[in-house]
Structures are given as structure tokens and as C-alpha cells.
>>> print(open('data19.txt').read())   # compact mmCIF, C-alpha atoms
# COMPACT_ATOMS: atom_id res chain seq x y z
CA MET A 1 46.08 155.21 30.36
CA SER A 2 44.25 156.96 27.62
CA GLU A 3 45.77 155.25 24.60
CA ASP A 4 43.81 152.76 22.56
CA PRO A 5 44.20 149.45 24.42
CA TYR A 6 44.26 147.50 21.16
CA ALA A 7 47.15 149.61 19.91
CA VAL A 8 49.00 149.18 23.21
CA LEU A 9 48.68 145.42 22.92
CA GLY A 10 49.48 145.50 19.22
CA VAL A 11 46.31 143.71 18.09
CA LYS A 12 43.47 144.62 15.78
CA PRO A 13 40.18 145.79 17.32
CA GLU A 14 38.49 142.69 15.90
CA ALA A 15 41.07 140.30 17.46
CA THR A 16 39.72 137.26 19.33
CA GLN A 17 40.06 137.02 23.12
CA ASP A 18 42.65 134.33 22.56
CA GLU A 19 44.73 136.58 20.31
CA ILE A 20 44.53 139.35 22.87
CA ARG A 21 45.65 137.02 25.64
CA LYS A 22 48.58 135.78 23.56
CA ALA A 23 49.62 139.32 22.68
CA TYR A 24 49.46 140.33 26.33
CA ARG A 25 51.50 137.35 27.49
CA ALA A 26 54.16 137.97 24.91
CA LEU A 27 54.50 141.60 26.02
CA ALA A 28 54.30 140.82 29.74
CA LYS A 29 57.07 138.24 29.51
CA LYS A 30 59.33 140.88 28.07
CA LEU A 31 58.22 143.78 30.24
CA HIS A 32 57.37 142.39 33.69
CA PRO A 33 59.28 144.60 36.16
CA ASP A 34 60.42 141.63 38.22
CA LEU A 35 62.01 140.13 35.16
CA ASN A 36 63.60 143.49 34.30
CA PRO A 37 64.76 144.75 37.70
CA GLY A 38 67.04 147.44 36.30
CA ASP A 39 64.73 148.83 33.64
CA LYS A 40 62.44 151.70 34.63
CA LYS A 41 61.03 152.05 31.13
CA ALA A 42 59.87 148.45 31.14
CA GLU A 43 57.80 149.18 34.24
CA GLU A 44 56.02 152.09 32.55
CA LYS A 45 55.26 150.05 29.48
CA PHE A 46 54.19 147.09 31.58
CA LYS A 47 51.70 149.31 33.41
CA GLN A 48 50.20 150.43 30.11
CA VAL A 49 50.03 146.91 28.78
CA SER A 50 48.46 145.60 32.01
CA ALA A 51 45.87 148.36 32.02
CA ALA A 52 45.03 147.69 28.38
CA TYR A 53 44.69 143.98 29.08
CA ASP A 54 42.50 144.61 32.11
CA LEU A 55 40.16 146.48 29.83
CA VAL A 56 39.95 144.25 26.78
CA GLY A 57 41.29 140.96 28.14
CA ASP A 58 37.97 140.40 29.86
CA ALA A 59 35.17 139.71 27.37
CA ASP A 60 32.45 141.59 29.33
CA LYS A 61 34.56 144.67 29.98
CA ARG A 62 35.71 144.62 26.39
CA THR A 63 32.09 144.69 25.11
CA ARG A 64 31.35 147.68 27.31
CA PHE A 65 34.53 149.43 26.18
CA ASP A 66 33.73 148.77 22.52
CA ARG A 67 30.23 150.22 23.05
CA GLY A 68 31.82 153.31 24.62
CA GLU A 69 30.33 152.72 28.09
CA ILE A 70 33.76 152.82 29.74
CA ASP A 71 36.94 154.41 28.53
CA ALA A 72 40.60 153.67 28.86
CA SER A 73 41.37 156.31 31.45
CA GLY A 74 41.84 155.58 35.14
CA ASN A 75 41.99 151.90 34.51
CA GLU A 76 45.42 151.19 35.94
CA ARG A 77 45.53 148.15 38.13
CA PRO A 78 46.26 149.03 41.77
CA ARG A 79 49.41 147.25 42.63
CA GLU A 80 51.56 146.63 45.68
CA ARG A 81 55.28 147.14 45.40
CA TYR A 82 57.05 144.81 43.04
CA TYR A 83 59.20 142.03 44.37
CA ARG A 84 62.29 143.72 42.97
CA ASP A 85 61.65 146.76 45.14
CA PHE A 86 62.72 144.73 48.19
CA HIS A 87 66.17 144.13 46.80
CA GLY A 88 67.57 147.61 46.44
CA ALA A 89 70.40 149.27 48.33
CA GLY A 90 70.01 148.99 52.08
CA ALA A 91 67.44 146.21 51.77
CA GLU A 92 67.41 143.77 54.65
CA GLN A 93 68.55 140.21 54.39
CA HIS A 94 65.63 137.86 53.97
CA ALA A 95 64.84 134.23 53.35
CA TYR A 96 65.03 134.69 49.59
CA SER A 97 68.52 136.22 49.50
CA SER A 98 70.78 134.23 47.26
CA GLY A 99 74.50 134.38 46.81
CA GLY A 100 74.27 131.53 44.32
CA GLY A 101 75.07 133.81 41.42
CA TYR A 102 78.69 134.22 42.54
CA ALA A 103 79.22 131.23 44.84
CA ASP A 104 81.67 129.77 42.35
CA PHE A 105 83.85 132.88 42.46
CA ALA A 106 84.05 132.75 46.22
CA ASP A 107 85.08 129.10 46.19
CA SER A 108 87.93 129.56 43.81
CA GLU A 109 89.45 132.86 44.87
CA ASP A 110 90.38 133.95 48.35
CA ILE A 111 90.19 137.59 47.44
CA LEU A 112 86.64 137.24 46.21
CA ARG A 113 85.69 135.35 49.31
CA GLU A 114 87.08 138.23 51.31
CA MET A 115 85.33 140.78 49.15
CA PHE A 116 81.95 139.12 49.22
CA GLY A 117 82.17 137.47 52.61
CA ARG A 118 79.63 138.22 55.26
CA GLY A 119 80.77 140.48 58.08
CA ALA A 120 79.34 141.05 61.53
CA GLY A 121 75.58 140.93 61.89
CA GLY A 122 75.07 138.96 58.70
CA GLU A 123 75.51 142.12 56.70
CA ARG A 124 77.43 141.65 53.52
CA ARG A 125 80.57 143.71 53.63
CA PHE A 126 82.78 144.49 50.76
CA ARG A 127 86.48 144.86 51.47
CA MET A 128 89.29 145.13 49.06
CA ARG A 129 92.88 146.22 49.28
CA GLY A 130 93.57 149.23 47.08
CA GLN A 131 95.25 148.81 43.76
CA ASP A 132 98.98 149.21 43.45
CA ALA A 133 99.80 152.34 41.50
CA LEU A 134 102.62 152.07 38.98
CA TYR A 135 104.93 154.95 38.21
CA ARG A 136 108.03 155.38 36.13
CA LEU A 137 110.47 157.92 37.48
CA PRO A 138 113.45 159.15 35.47
CA VAL A 139 116.40 160.18 37.66
CA GLU A 140 119.78 161.58 36.80
CA PHE A 141 122.76 159.24 36.92
CA LEU A 142 124.32 160.95 39.94
CA GLU A 143 120.97 161.12 41.78
CA ALA A 144 120.74 157.35 41.50
CA VAL A 145 124.33 156.85 42.66
CA ASN A 146 124.30 159.34 45.51
CA GLY A 147 120.63 159.21 46.49
CA ALA A 148 118.01 161.94 46.18
CA THR A 149 114.41 162.81 46.93
CA LYS A 150 112.10 163.20 43.98
CA ARG A 151 108.48 164.29 43.89
CA ILE A 152 105.88 162.42 41.85
CA THR A 153 102.59 164.03 40.92
CA MET A 154 99.78 161.52 41.08
CA PRO A 155 96.90 161.44 38.58
CA ASP A 156 94.58 163.04 41.15
CA GLY A 157 96.96 165.98 41.63
CA GLY A 158 98.46 164.83 44.94
CA THR A 159 102.19 164.34 45.30
CA ILE A 160 104.44 161.66 46.77
CA ASP A 161 108.03 162.26 47.79
CA VAL A 162 110.11 159.33 46.68
CA VAL A 163 113.37 158.78 48.50
CA ILE A 164 115.89 157.38 46.02
CA PRO A 165 118.37 155.49 48.16
CA PRO A 166 122.08 155.84 47.23
CA GLY A 167 123.11 153.13 44.81
CA THR A 168 119.71 152.75 43.14
CA ARG A 169 119.98 150.92 39.86
CA ASP A 170 118.28 151.36 36.54
CA GLU A 171 114.90 149.54 36.39
CA GLN A 172 114.91 149.05 40.15
CA VAL A 173 111.37 149.20 41.58
CA LEU A 174 110.82 151.08 44.82
CA ARG A 175 107.72 150.10 46.80
CA LEU A 176 106.07 152.88 48.81
CA ARG A 177 103.72 151.22 51.25
CA GLY A 178 100.19 152.56 51.35
CA LYS A 179 100.79 155.18 48.65
CA GLY A 180 98.68 153.39 46.03
CA GLY A 181 94.93 153.37 45.48
CA GLN A 182 92.49 153.67 48.37
CA GLY A 183 91.21 150.43 49.83
CA LEU A 184 87.51 149.77 49.55
CA GLY A 185 85.21 149.11 52.48
CA GLY A 186 87.99 149.63 55.01
CA GLY A 187 90.55 147.60 53.08
CA GLU A 188 94.14 148.77 53.31
CA PRO A 189 95.45 151.02 50.56
CA GLY A 190 97.63 149.64 47.80
CA ASP A 191 101.30 150.49 47.33
CA ALA A 192 102.95 152.82 44.88
CA LEU A 193 105.46 150.92 42.76
CA VAL A 194 108.01 153.28 41.31
CA GLU A 195 110.26 151.99 38.59
CA ILE A 196 113.46 154.00 38.40
CA GLU A 197 114.84 154.92 35.02
CA VAL A 198 118.45 156.08 35.37
CA ARG A 199 119.45 158.55 32.70
CA PRO A 200 122.89 158.14 31.14
CA HIS A 201 125.78 160.33 32.24
CA PRO A 202 128.05 162.19 29.81
CA PHE A 203 131.18 160.43 31.06
CA PHE A 204 130.40 157.98 33.85
CA THR A 205 129.02 154.55 33.13
CA ARG A 206 127.95 151.97 35.64
CA LYS A 207 128.41 148.23 35.85
CA GLY A 208 126.79 146.85 38.96
CA ASP A 209 128.09 148.90 41.84
CA ASP A 210 131.20 150.03 40.02
CA ILE A 211 131.63 153.25 38.13
CA HIS A 212 133.69 153.38 34.98
CA LEU A 213 135.36 156.40 33.54
CA GLU A 214 137.57 156.90 30.54
CA LEU A 215 140.23 159.46 31.45
CA PRO A 216 142.03 161.23 28.62
CA ILE A 217 145.69 161.97 29.39
CA SER A 218 148.33 163.77 27.41
CA LEU A 219 151.44 162.14 26.05
CA PRO A 220 153.74 163.75 28.62
CA GLU A 221 151.42 162.69 31.43
CA ALA A 222 151.49 159.14 30.10
CA VAL A 223 155.23 159.03 29.66
CA LEU A 224 156.29 160.84 32.76
CA GLY A 225 153.45 160.05 35.12
CA ALA A 226 151.29 162.69 36.85
CA LYS A 227 149.00 163.51 39.71
CA LEU A 228 145.59 164.32 38.23
CA ASP A 229 142.20 165.40 39.52
CA VAL A 230 139.74 162.70 38.49
CA PRO A 231 135.97 163.14 38.68
CA THR A 232 134.05 160.71 40.87
CA PRO A 233 130.33 160.76 41.70
CA THR A 234 131.12 162.52 44.97
CA GLY A 235 133.56 165.04 43.53
CA ALA A 236 137.07 165.11 42.14
CA VAL A 237 139.85 163.17 43.84
CA ARG A 238 143.57 163.31 43.19
CA MET A 239 144.94 160.22 41.51
CA THR A 240 148.49 159.27 40.64
CA VAL A 241 149.06 158.20 37.05
CA PRO A 242 152.21 156.08 37.09
CA LYS A 243 155.12 156.67 34.83
CA ALA A 244 154.79 154.90 31.45
CA ALA A 245 151.04 154.62 31.69
CA ASN A 246 149.30 153.57 28.49
CA THR A 247 145.98 153.76 26.74
CA GLY A 248 143.88 151.00 28.27
CA THR A 249 145.66 151.05 31.60
CA VAL A 250 142.99 150.72 34.29
CA LEU A 251 143.43 152.34 37.67
CA ARG A 252 141.10 151.71 40.56
CA LEU A 253 139.75 154.27 43.01
CA LYS A 254 138.62 152.13 45.86
CA GLY A 255 135.24 152.86 47.42
CA LYS A 256 134.34 155.54 44.86
CA GLY A 257 131.59 153.47 43.26
CA ALA A 258 127.91 153.25 44.10
CA ALA A 259 126.65 152.36 47.56
CA ARG A 260 125.55 148.80 48.26
CA ALA A 261 122.76 147.65 50.53
CA ASP A 262 125.32 146.78 53.25
CA LYS A 263 126.64 150.38 53.22
CA SER A 264 129.89 149.37 51.52
CA HIS A 265 130.68 150.89 48.13
CA GLY A 266 131.76 149.70 44.74
CA ASP A 267 134.89 151.11 43.12
CA GLU A 268 135.58 153.52 40.34
CA TYR A 269 137.65 152.18 37.49
CA VAL A 270 139.57 154.74 35.49
CA THR A 271 140.66 153.68 32.05
CA LEU A 272 143.43 155.85 30.65
CA LYS A 273 143.39 157.07 27.08
CA ILE A 274 146.33 158.88 25.60
CA VAL A 275 145.27 161.81 23.48
CA LEU A 276 147.72 163.54 21.15
CA PRO A 277 147.31 167.26 20.63
CA GLU A 278 144.82 168.08 17.93
CA LYS A 279 147.39 170.09 16.05
CA LEU A 280 150.50 168.01 15.64
CA ASP A 281 153.56 169.71 17.08
CA PRO A 282 156.56 169.74 14.62
CA GLU A 283 158.81 168.75 17.51
CA ILE A 284 156.85 165.53 18.00
CA GLU A 285 156.87 164.77 14.32
CA GLU A 286 160.61 165.28 14.17
CA PHE A 287 161.08 163.11 17.21
CA ALA A 288 159.01 160.30 15.71
CA GLN A 289 161.00 160.49 12.48
CA ARG A 290 164.27 159.81 14.21
CA TRP A 291 163.01 157.49 16.96
CA GLN A 292 164.42 154.18 15.77
CA ALA A 293 163.32 152.04 18.73
CA GLY A 294 159.78 153.26 18.31
CA LYS A 295 159.75 152.26 14.66
CA GLU A 296 160.81 148.75 15.54
CA GLN A 297 157.90 148.24 17.92
CA ASN A 298 155.11 146.07 16.59
CA PRO A 299 152.00 146.76 18.69
CA ARG A 300 149.91 144.42 16.48
CA ARG A 301 151.89 141.30 17.10
CA HIS A 302 148.99 139.64 18.89
CA LEU A 303 146.72 140.16 15.87
CA GLU A 304 148.90 138.05 13.58
CA ALA A 305 147.40 134.73 12.73
CA MET B 1 54.73 141.84 59.87
CA ILE B 2 51.20 140.83 58.99
CA LYS B 3 48.99 137.90 59.84
CA VAL B 4 47.70 135.26 57.42
CA GLN B 5 44.33 136.93 56.86
CA GLU B 6 45.80 140.25 55.86
CA PHE B 7 48.41 138.51 53.73
CA LEU B 8 45.77 136.57 51.80
CA ILE B 9 43.77 139.72 51.13
CA ARG B 10 46.72 141.81 50.05
CA ALA B 11 48.20 139.05 47.92
CA ARG B 12 44.71 138.18 46.58
CA LEU B 13 45.37 134.56 47.37
CA GLU B 14 43.37 131.54 48.59
CA GLN B 15 44.34 129.74 51.79
CA ASN B 16 45.00 126.43 50.01
CA SER B 17 47.16 128.14 47.35
CA LEU B 18 49.23 129.69 50.10
CA GLU B 19 49.72 126.30 51.74
CA ALA B 20 50.82 124.81 48.41
CA TRP B 21 53.21 127.70 47.75
CA ILE B 22 54.77 127.39 51.18
CA ALA B 23 55.12 123.62 50.65
CA ALA B 24 56.80 124.28 47.29
CA GLY B 25 59.21 126.69 48.98
CA TRP B 26 58.01 129.60 46.87
CA ILE B 27 56.96 131.54 49.95
CA VAL B 28 59.03 131.30 53.13
CA PRO B 29 57.18 132.98 56.03
CA PRO B 30 59.69 134.86 58.20
CA GLN B 31 57.84 133.68 61.30
CA THR B 32 55.95 130.44 61.91
CA GLU B 33 55.68 130.32 65.72
CA PRO B 34 53.44 130.99 67.58
CA GLU B 35 51.57 131.87 64.40
CA LEU B 36 52.34 132.44 60.77
CA MET B 37 53.46 135.98 60.02
CA PHE B 38 54.44 137.55 56.73
CA SER B 39 56.24 140.68 55.65
CA ASP B 40 55.79 143.00 52.68
CA ILE B 41 58.33 141.17 50.59
CA ASP B 42 56.21 138.01 50.84
CA VAL B 43 53.23 139.93 49.47
CA ALA B 44 55.32 141.19 46.57
CA ARG B 45 56.68 137.72 45.91
CA ALA B 46 53.22 136.20 45.96
CA GLN B 47 52.12 138.83 43.48
CA LEU B 48 55.04 137.94 41.22
CA ILE B 49 54.12 134.26 41.42
CA ARG B 50 50.52 135.10 40.57
CA ASP B 51 51.62 137.17 37.58
CA LEU B 52 53.82 134.35 36.35
CA ARG B 53 51.09 131.72 36.63
CA ASP B 54 47.99 133.68 35.72
CA ASP B 55 49.23 136.26 33.25
CA LEU B 56 52.39 134.84 31.74
CA GLY B 57 51.24 131.23 31.44
CA VAL B 58 54.20 129.83 33.39
CA ASN B 59 53.62 126.35 34.83
CA ASP B 60 54.66 125.29 38.35
CA GLU B 61 58.06 123.94 37.33
CA GLY B 62 58.68 127.17 35.45
CA VAL B 63 57.76 129.23 38.52
CA SER B 64 60.38 127.43 40.62
CA VAL B 65 63.05 127.98 38.00
CA ILE B 66 62.18 131.65 37.54
CA LEU B 67 62.09 132.38 41.28
CA HIS B 68 65.46 130.73 41.70
CA LEU B 69 66.99 132.75 38.89
CA VAL B 70 65.34 136.00 39.98
CA ASP B 71 66.74 135.55 43.51
CA GLN B 72 70.20 134.87 42.14
CA MET B 73 69.95 137.92 39.94
CA HIS B 74 69.00 140.06 42.92
CA GLY B 75 71.96 138.68 44.85
CA LEU B 76 74.25 139.65 41.99
CA ARG B 77 72.64 143.05 41.59
CA ARG B 78 73.01 143.70 45.30
CA THR B 79 76.65 142.71 45.28
CA MET B 80 77.28 144.86 42.25
CA GLN B 81 75.53 147.76 43.95
CA ASP B 82 77.63 147.34 47.12
CA LEU B 83 80.73 147.27 45.01
CA LEU B 84 79.82 150.44 43.14
CA ASP B 85 78.81 152.20 46.36
CA GLU B 86 82.13 151.36 47.97
CA MET B 87 84.06 152.52 44.95
CA ARG B 88 82.12 155.76 44.81
CA GLY B 89 82.50 156.25 48.57
CA SER B 90 86.22 155.68 48.52
CA ARG B 91 86.66 157.96 45.55
CA ALA B 92 84.80 160.73 47.37
CA GLY B 93 86.99 160.17 50.42
CA GLU B 94 90.25 160.56 48.58
>>> encode(input="data19.txt", output="C-alpha cells")
Amino acid sequence: MSEDPYAVLGVKPEATQDEIRKAYRALAKKLHPDLNPGDKKAEEKFKQVSAAYDLVGDADKRTRFDRGEIDASGNERPRERYYRDFHGAGAEQHAYSSGGGYADFADSEDILREMFGRGAGGERRFRMRGQDALYRLPVEFLEAVNGATKRITMPDGGTIDVVIPPGTRDEQVLRLRGKGGQGLGGGEPGDALVEIEVRPHPFFTRKGDDIHLELPISLPEAVLGAKLDVPTPTGAVRMTVPKAANTGTVLRLKGKGAARADKSHGDEYVTLKIVLPEKLDPEIEEFAQRWQAGKEQNPRRHLEA
Amino acid sequence: MIKVQEFLIRARLEQNSLEAWIAAGWIVPPQTEPELMFSDIDVARAQLIRDLRDDLGVNDEGVSVILHLVDQMHGLRRTMQDLLDEMRGSRAGE
């Protein structure tokens, strides 16, 4: 301490003892290390202020200092450890320990009671289950229907293999036990929650466990019937289109839908759609011209009011 | 652990003040039988009480309030520290 003690205390050199005491108290209230347990700077300043007050707070010493008989150096007050120094990490439990600052948390919430509860030997132990980690995983339509294994890269660079069970639906959430955040203090890890986002398919759609497909057929196939290869999620199967099939006719392929939890399967529904050739054949046009029965058909009867 | 005499010297305290402070619950000796014994934290606490009363102009009621709040604050700081240590530890262990 070599600074001017009056300047440190923020008073004029001609200040009264009372003014000096007041100035010191005001500073000490703000700076006392035990009232500022986390502030190292406050301790340094408090030391300076205390040393200054030791010098000029006492009328006799102050007279000698003013006369130049003693100076400001080496005047720091010897001091034992502060009270706060007994409360750091690893400090022992003692009679003054207080959990009063969070007692209300512990009463209202089981998890906090568990976190802040006292473990063996009176030592406070902190335990918390790890956080659940949330992921969104896009999968292809057929991967969701047939099942697949996908790899997720976690934020820390690690990976998790996610088994997509057959029949997984859009927005379904898969829970991977223990693949979430680390537990704290020996608490169990959290889970990874993976929300599946099923991408659309160019021609299959899905309603529940059933697969729907619109199957274009030609006019001859519709009129005469046919055996056609129809795509299903597990590959093409041969399906019989009956004679006189029509646009909108729905045929069912049993068991060709998505898997259910009980290992059974939904069905695939094939909706027929007659498609005329893009370039109209003159033979067809000629036929339509002379086809009297066809002209008499009214397919819009049900729309009439 | 130290005996009363050493405690009084280190804490720069009179015998009758000590008795009053123990009666007020400000100082809780960790051992009372067969004789009073104190530890370093009691010295530090006595020093804090002396600072409050002598230097900061806090009266006896004020001392009780401040000690209570300071102890609660240390409890909270300790819990916060444990929490941060655990979080740091578990992050390092990942």
C-alpha cells in the first residue's frame, strides 16, 4: 500500500475523523470479501481500503502520517483467512452449512430433491439423468415400409445406428435407450428420441398400413382383361386385371402393405386408370364415330340435379 | 482444532464476547465436551462478525441477519459449484 490513504478512501486530507470513518464504512460494506465471495477484485480493493483506514482512521497514527513520521507502505493489516475461504470446492460440512437457499426447490420437485439430496457420509451428491437428445431423421418411403438401418451423426461427432423397424410411419418417434446426454454424478444417460420423417414416393402413397397405387392401363387391357406386373414395396407381383375393368376400379393385393406391430401386413390397393394413347389412332376415332351404343351412354347421370 | 485461549487470541476476542456470540448462535463450537474446541472456520467467522460490528457499524440484529444470508449464499454457491463440476466432469468423460 503506497497510495495516498486519503485518495484510497475518497476523502480530502483535511477531512474529520468522522468523515473518514463514514467513508471507510461505505467502502467496506461494498467491498468486504465475505459479502462478495465471488469477487477477487473486491478483496484487493478491500485490502487497500483497510490499510488506508488503519493509517488515518486512528487520530494518533494519522497525525504521525501527516507529519511524515510513518508512510503508507507495509501497513497492510495481517489477516487470517476470510470466512468465505472455508466454503470453496471440497470444503467440509460444518455447523454453518445451510441448504436454506434452495430448500423450497427440494420440497416442490422430486428431481431437485434427488439432485441436491445428501448421499452417503453426509456428503452432498449431485445426480441427474442425462438429457434426452432429439433428432429428426428423414428416411425414404420404402425404407420406412420395409425397414432399414440408418446412421445419425451426433453433435459431438459420434454416431448412432438407428434401426428403422418395417412399417415405421411418418412422424413416428423411435426411442433409443441410453443414447442421449450423459448423466451427471452417476445418473443414467438420457435417451435419443428420433422422429422419423418419411419422404414421399413417386408412385406409392400410404394410408395407415395400406399402400395405394394408381396403375395406368391401356384400353385393350381394360376391355379384354390382362395379367400385369404391378409394383409393390417388396417387388413386382403379377396381378390379374379382369375383363371390362374401368378407371377407378380398385383391386387389392392382400398382405402387400406395410408391416404392423403384430407382424401381420396391410394390403396394397391398386386403382386402375385407363390411359388412351397419346397420339390418337385413326382406327379408334373411326370406331368411336360409328359406335352407337357408346354414344348413348351417359356417364354423368349421377351428376344431374 | 484449537482451544479457547488460542481461539481468543487469533480471533482477537474477549472471553465474555465469545460467550455472548455462542449464546446468540453466531459461533457454534464444533466440540464442547470435554472442553470447548474451535476450528479455523470459527476464527474466520469471528473475524467476519468483528468486521461487521466494529468496522461496518452493523448492530447485533443486523449481524444475525447477515450471517444467515451469508450462510445461505455459501450453500447456494457450493451447490452451484458441485453442479458445474459434475457437468464439466461428465463432458470430459464423453
>>> closest_residue(input="data19.txt", among="B:Ile66, B:Leu84, B:Leu76, B:Val4", to="Asp42 (chain B)", atoms="all atoms listed in the file")
B:Val4
>>> interface_residues(input="data19.txt", of="chain B", to="chain A", cutoff="6 Å", atoms="all atoms listed in the file", output="PyMOL selection string")
chain B and resi 44-45+56+71-72+75-76+86
>>> atom_distance(input="data19.txt", atom1="CA of Asp132 (chain A)", atom2="CA of Ala192 (chain A)")
5.6 Å
>>> residues_around(input="data19.txt", residues="Glu143 (chain A)", least_positions_apart="6", cutoff="10 Å", atoms="all atoms listed in the file", output="list of chain:residue names")
A:Thr149, A:Lys150, A:Ile164, A:Pro165, A:Pro166, A:Gly167, A:Thr168, A:Val198, A:Arg199, A:Pro233
>>> atom_distance(input="data19.txt", atom1="CA of Asp209 (chain A)", atom2="CA of Asp267 (chain A)")
7.3 Å
>>> atom_distance(input="data19.txt", atom1="CA of Lys243 (chain A)", atom2="CA of Arg290 (chain A)")
22.8 Å
>>> closest_residue(input="data19.txt", among="B:Leu48, B:Ile2, B:Leu69, B:Met80", to="Leu36 (chain B)", atoms="all atoms listed in the file")
B:Ile2
>>> residues_around(input="data19.txt", residues="region 271-286 of chain A", least_positions_apart="5", cutoff="6 Å", atoms="only C-alpha atoms", output="list in words")
Glu214, Leu215, Pro216, Ile217, Ser218, Thr247, Gly248, Thr249 and Val250 of chain A
>>> axis_aligned_box(input="data19.txt", around="region 67-86 of chain B", padding_each_side="5 Å", output="AutoDock Vina command-line options")
--center_x 72.1 --center_y 141.5 --center_z 43.4 --size_x 30.0 --size_y 31.5 --size_z 19.1
>>> residues_around(input="data19.txt", residues="region 9-19 of chain B", least_positions_apart="6", cutoff="7 Å", atoms="only C-alpha atoms", output="list in words")
Val43, Ala46 and Gln47 of chain B
>>> write_last_selection(input="data19.txt", atoms="C-alpha atoms", output="mmCIF file, in the frame of the given file")
data_model
loop_
_atom_site.group_PDB
_atom_site.id
_atom_site.type_symbol
_atom_site.label_atom_id
_atom_site.label_comp_id
_atom_site.auth_asym_id
_atom_site.auth_seq_id
_atom_site.Cartn_x
_atom_site.Cartn_y
_atom_site.Cartn_z
ATOM 1 C CA VAL B 43 53.230 139.930 49.470
ATOM 2 C CA ALA B 46 53.220 136.200 45.960
ATOM 3 C CA GLN B 47 52.120 138.830 43.480
#
